[in-house]
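Trainee: Please find final36.txt (compact mmCIF, C-alpha atoms) on the next line:
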# COMPACT_ATOMS: atom_id res chain seq x y z
CA MET A 29 37.53 -39.31 19.71
CA LYS A 30 38.96 -36.37 17.81
CA GLN A 31 36.44 -36.96 15.00
CA LEU A 32 33.58 -37.00 17.52
CA LEU A 33 34.68 -33.66 18.98
CA THR A 34 34.97 -32.19 15.48
CA LEU A 35 31.47 -33.45 14.64
CA ILE A 36 30.03 -31.94 17.84
CA ALA A 37 31.76 -28.62 17.13
CA CYS A 38 30.33 -28.58 13.58
CA ILE A 39 26.82 -29.29 14.87
CA LEU A 40 27.09 -26.45 17.39
CA VAL A 41 28.33 -24.04 14.73
CA LEU A 42 25.50 -25.01 12.37
CA ALA A 43 22.94 -24.69 15.16
CA GLY A 44 24.21 -21.17 15.84
CA CYS A 45 23.72 -20.31 12.16
CA SER A 46 20.13 -21.51 11.96
CA LYS A 47 17.39 -19.01 11.27
CA PRO A 48 15.41 -17.78 14.28
CA ALA A 49 11.80 -18.91 14.38
CA ALA A 50 9.26 -16.22 13.56
CA PRO A 51 6.78 -15.49 16.35
CA ALA A 52 3.27 -16.80 15.76
CA GLY A 53 0.12 -14.79 16.34
CA ARG A 54 -2.14 -12.00 15.15
CA TRP A 55 -1.66 -8.26 15.32
CA GLU A 56 -3.66 -5.24 14.13
CA GLY A 57 -3.43 -1.48 14.16
CA THR A 58 -4.19 1.74 12.35
CA PHE A 59 -2.58 4.96 11.21
CA GLU A 60 -4.27 8.27 10.58
CA SER A 61 -2.88 11.67 9.66
CA HIS A 62 -4.46 14.77 8.16
CA ASP A 63 -4.60 13.09 4.73
CA THR A 64 -3.72 9.39 5.09
CA PHE A 65 -5.58 6.41 6.55
CA VAL A 66 -4.18 2.89 6.91
CA ALA A 67 -5.80 -0.12 8.61
CA ALA A 68 -3.54 -3.14 9.04
CA ARG A 69 -3.68 -6.82 9.95
CA LEU A 70 -0.81 -9.23 10.35
CA GLU A 71 -0.89 -12.97 10.99
CA ILE A 72 2.12 -15.25 11.33
CA SER A 73 1.63 -19.00 11.35
CA GLY A 74 4.08 -21.76 10.53
CA GLY A 75 6.69 -19.16 9.64
CA LEU A 76 4.49 -17.71 6.88
CA VAL A 77 3.24 -14.13 6.99
CA ARG A 78 -0.12 -12.68 5.95
CA ILE A 79 -0.31 -8.88 5.77
CA SER A 80 -3.06 -6.57 4.62
CA ALA A 81 -2.85 -2.78 4.92
CA PRO A 82 -5.31 -0.95 2.68
CA ASP A 83 -4.64 2.78 2.54
CA VAL A 84 -6.16 6.00 1.26
CA THR A 85 -4.50 9.36 0.85
CA ASP A 86 -6.93 12.24 0.32
CA ASP A 87 -6.33 15.91 1.11
CA ASN A 88 -10.06 16.62 1.01
CA VAL A 89 -11.02 14.63 4.11
CA SER A 90 -11.18 17.33 6.75
CA GLU A 91 -14.65 17.14 8.29
CA GLU A 92 -14.96 14.70 11.19
CA SER A 93 -17.95 13.00 9.56
CA ASP A 94 -15.86 12.40 6.42
CA ARG A 95 -12.98 11.09 8.52
CA GLU A 96 -15.32 8.68 10.35
CA GLN A 97 -16.67 7.46 7.02
CA MET A 98 -13.08 6.94 5.81
CA ARG A 99 -12.27 4.90 8.95
CA GLN A 100 -15.33 2.71 8.36
CA ASN A 101 -14.37 2.31 4.70
CA MET A 102 -10.82 1.22 5.62
CA ALA A 103 -12.11 -1.24 8.24
CA ALA A 104 -14.54 -2.75 5.71
CA ARG A 105 -11.83 -3.05 3.05
CA LEU A 106 -9.49 -4.70 5.55
CA ALA A 107 -12.05 -7.26 6.73
CA GLY A 108 -13.44 -7.88 3.25
CA ALA A 109 -10.12 -8.67 1.59
CA TRP A 110 -8.54 -10.64 4.43
CA GLY A 111 -9.75 -14.04 3.21
CA GLU A 112 -7.94 -13.55 -0.08
CA ILE A 113 -4.55 -12.68 1.40
CA GLU A 114 -2.09 -15.51 0.74
CA PRO A 115 0.54 -16.40 3.36
CA ARG A 116 4.07 -15.79 2.11
CA PRO A 117 7.58 -16.44 3.30
CA MET A 118 9.72 -13.62 4.62
CA ASP A 119 13.31 -13.48 5.77
CA PHE A 120 13.42 -13.05 9.57
CA ASP A 121 16.60 -12.35 11.54
CA GLY A 122 15.06 -12.49 15.03
CA THR A 123 13.85 -8.89 14.94
CA THR A 124 13.21 -7.74 11.38
CA PHE A 125 11.12 -9.26 8.60
CA ARG A 126 12.12 -8.54 5.00
CA LYS A 127 10.89 -9.75 1.64
CA PRO A 128 12.99 -12.75 0.59
CA GLY A 129 16.39 -11.38 -0.47
CA GLY A 130 15.19 -7.84 0.25
CA ILE A 131 16.84 -5.01 2.15
CA ALA A 132 14.00 -2.76 3.31
CA PRO A 133 12.36 -3.71 6.62
CA GLN A 134 8.72 -4.72 6.28
CA ILE A 135 7.98 -5.54 9.94
CA VAL A 136 9.99 -5.14 13.13
CA TRP A 137 9.19 -7.25 16.20
CA ASP A 138 9.78 -6.16 19.80
CA SER A 139 9.88 -9.51 21.60
CA LYS A 140 9.61 -7.95 25.07
CA SER A 141 6.29 -6.21 24.37
CA ASN A 142 5.14 -8.54 21.54
CA VAL A 143 4.46 -5.43 19.45
CA MET A 144 5.00 -5.58 15.71
CA THR A 145 5.76 -2.40 13.80
CA LEU A 146 4.58 -2.50 10.21
CA TYR A 147 6.57 -0.40 7.74
CA VAL A 148 4.30 1.05 5.05
CA TYR A 149 5.88 2.59 1.96
CA LEU A 150 3.54 4.89 0.02
CA GLY A 151 5.25 6.20 -3.08
CA VAL A 152 8.03 8.68 -2.38
CA ARG A 153 6.72 9.64 1.07
CA PRO A 154 8.73 8.77 4.16
CA VAL A 155 8.02 5.34 5.61
CA ILE A 156 5.00 5.11 7.91
CA LYS A 157 5.70 2.97 10.98
CA ILE A 158 2.49 1.52 12.39
CA PRO A 159 2.62 -0.19 15.80
CA LEU A 160 0.44 -3.29 15.74
CA ARG A 161 -0.94 -4.71 18.98
CA PRO A 162 -1.33 -8.43 19.57
CA VAL A 163 -4.94 -9.67 19.35
CA LYS A 164 -6.60 -13.01 19.88
CA ASP A 165 -9.11 -12.36 17.09
CA PHE A 166 -9.27 -9.61 14.50
CA SER A 167 -11.89 -6.93 15.08
CA ASP A 168 -14.39 -5.56 12.58
CA ASP A 169 -13.16 -2.06 13.31
CA PRO A 170 -9.49 -1.72 14.29
CA TRP A 171 -9.98 1.98 15.09
CA THR A 172 -12.49 1.38 17.89
CA SER A 173 -10.73 -1.66 19.34
CA GLN A 174 -7.55 0.20 20.29
Can you present the structure in this file as structure tokens?

Mentor:
Amino acid sequence: MKQLLTLIACILVLAGCSKPAAPAGRWEGTFESHDTFVAARLEISGGLVRISAPDVTDDNVSEESDREQMRQNMAARLAGAWGEIEPRPMDFDGTTFRKPGGIAPQIVWDSKSNVMTLYVYLGVRPVIKIPLRPVKDFSDDPWTSQ
């Protein structure tokens, strides 16, 4: 009987140490500042993560017509490259996704709102945090579908 109780206690301890399951679904979003454009897609399936976030930084994009062309360019790059993005494993602690063995957050999940926040690191600039909204299907233009 004592061995059975010890076995049950060990199983409960191990169950408490198991990794949380990553949420499944699709998310998309965009970021735009005076000089930076990012369009992003995220898909999680079977615990594997697919991310694409093409970006452009250009100080010379000031006219609205140029900005609209840049948005269209980013949307086309995002959609065009999506089929070539390979799913990859990430460490997930129930809230934060990190590269395997990594420290820096890559994605943070708010389970209550089902919003993912993608962390984009562009050189030495501060991290860009892009809220991604859940979607059933990806759109051709993530800027107009917000």

Trainee: Given the choices A:Lys47, A:Lys157, A:Lys164, A:Arg95, which gets closest to Phe59 of chain A if the distance is worked out from all atoms listed in the file?

Mentor: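 Of the candidates, the smallest distance to Phe59 of chain A is held by A:Lys157.
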
Trainee: Find the residues around segment 124-135 of chain A up to 6 Å (all atoms listed in the file counted), leave out those fewer than 4 positions away in its own chain, and share them as a list of chain:residue names.

Mentor: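 After dropping sequence-adjacent residues, the list is A:Met118, A:Asp119, A:Phe120, A:Thr145, A:Leu146, A:Tyr147.
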
Trainee: Mind writing the picked residues with C-alpha atoms as a CSV table (one decimal), in the frame of the given file?

Mentor:
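What ended up in part_13.csv:
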chain,number,residue,atom,x,y,z
A,118,MET,CA,9.7,-13.6,4.6
A,119,ASP,CA,13.3,-13.5,5.8
A,120,PHE,CA,13.4,-13.0,9.6
A,145,THR,CA,5.8,-2.4,13.8
A,146,LEU,CA,4.6,-2.5,10.2
A,147,TYR,CA,6.6,-0.4,7.7

Trainee: Using only C-alpha atoms, which protein or nucleic acid residues come within 12 Å of Ser167 of chain A? Drop anything in the same chain fewer than 5 positions from it, and give the result as a list in words.

Mentor: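 The residues that qualify are Arg54, Trp55, Glu56, Gly57, Thr58, Ala67, Ala68, Arg69, Ala103, Ala104, Leu106, Ala107, Gly108, Trp110, Arg161, Pro162, Thr172, Ser173 and Gln174 of chain A.
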
Trainee: Have a look at atom CA of Pro154 of chain A and atom CA of Ile72 of chain A and let me know their distance in Å, one decimal.

Mentor: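 Computed distance, atom CA of Pro154 of chain A to atom CA of Ile72 of chain A, equals 25.9 Å.
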
Trainee: State, in Å with one decimal place, the distance from atom CA of Ser139 of chain A to atom CA of Pro170 of chain A.

Mentor: 22.1 Å

Trainee: Have a look at A:Glu91, A:Glu71, A:Asp83, A:Glu96 and name the one nearest to Asp169 of chain A; count all atoms listed in the file.

Mentor: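 Ranked by minimum distance to Asp169 of chain A, first place goes to A:Glu96.
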
Trainee: Could you state the separation of atom CA of Ser80 of chain A and atom CA of Gly53 of chain A in Å, given to one decimal place?

Mentor: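 About the pair atom CA of Ser80 of chain A and atom CA of Gly53 of chain A: they are 14.7 Å apart.
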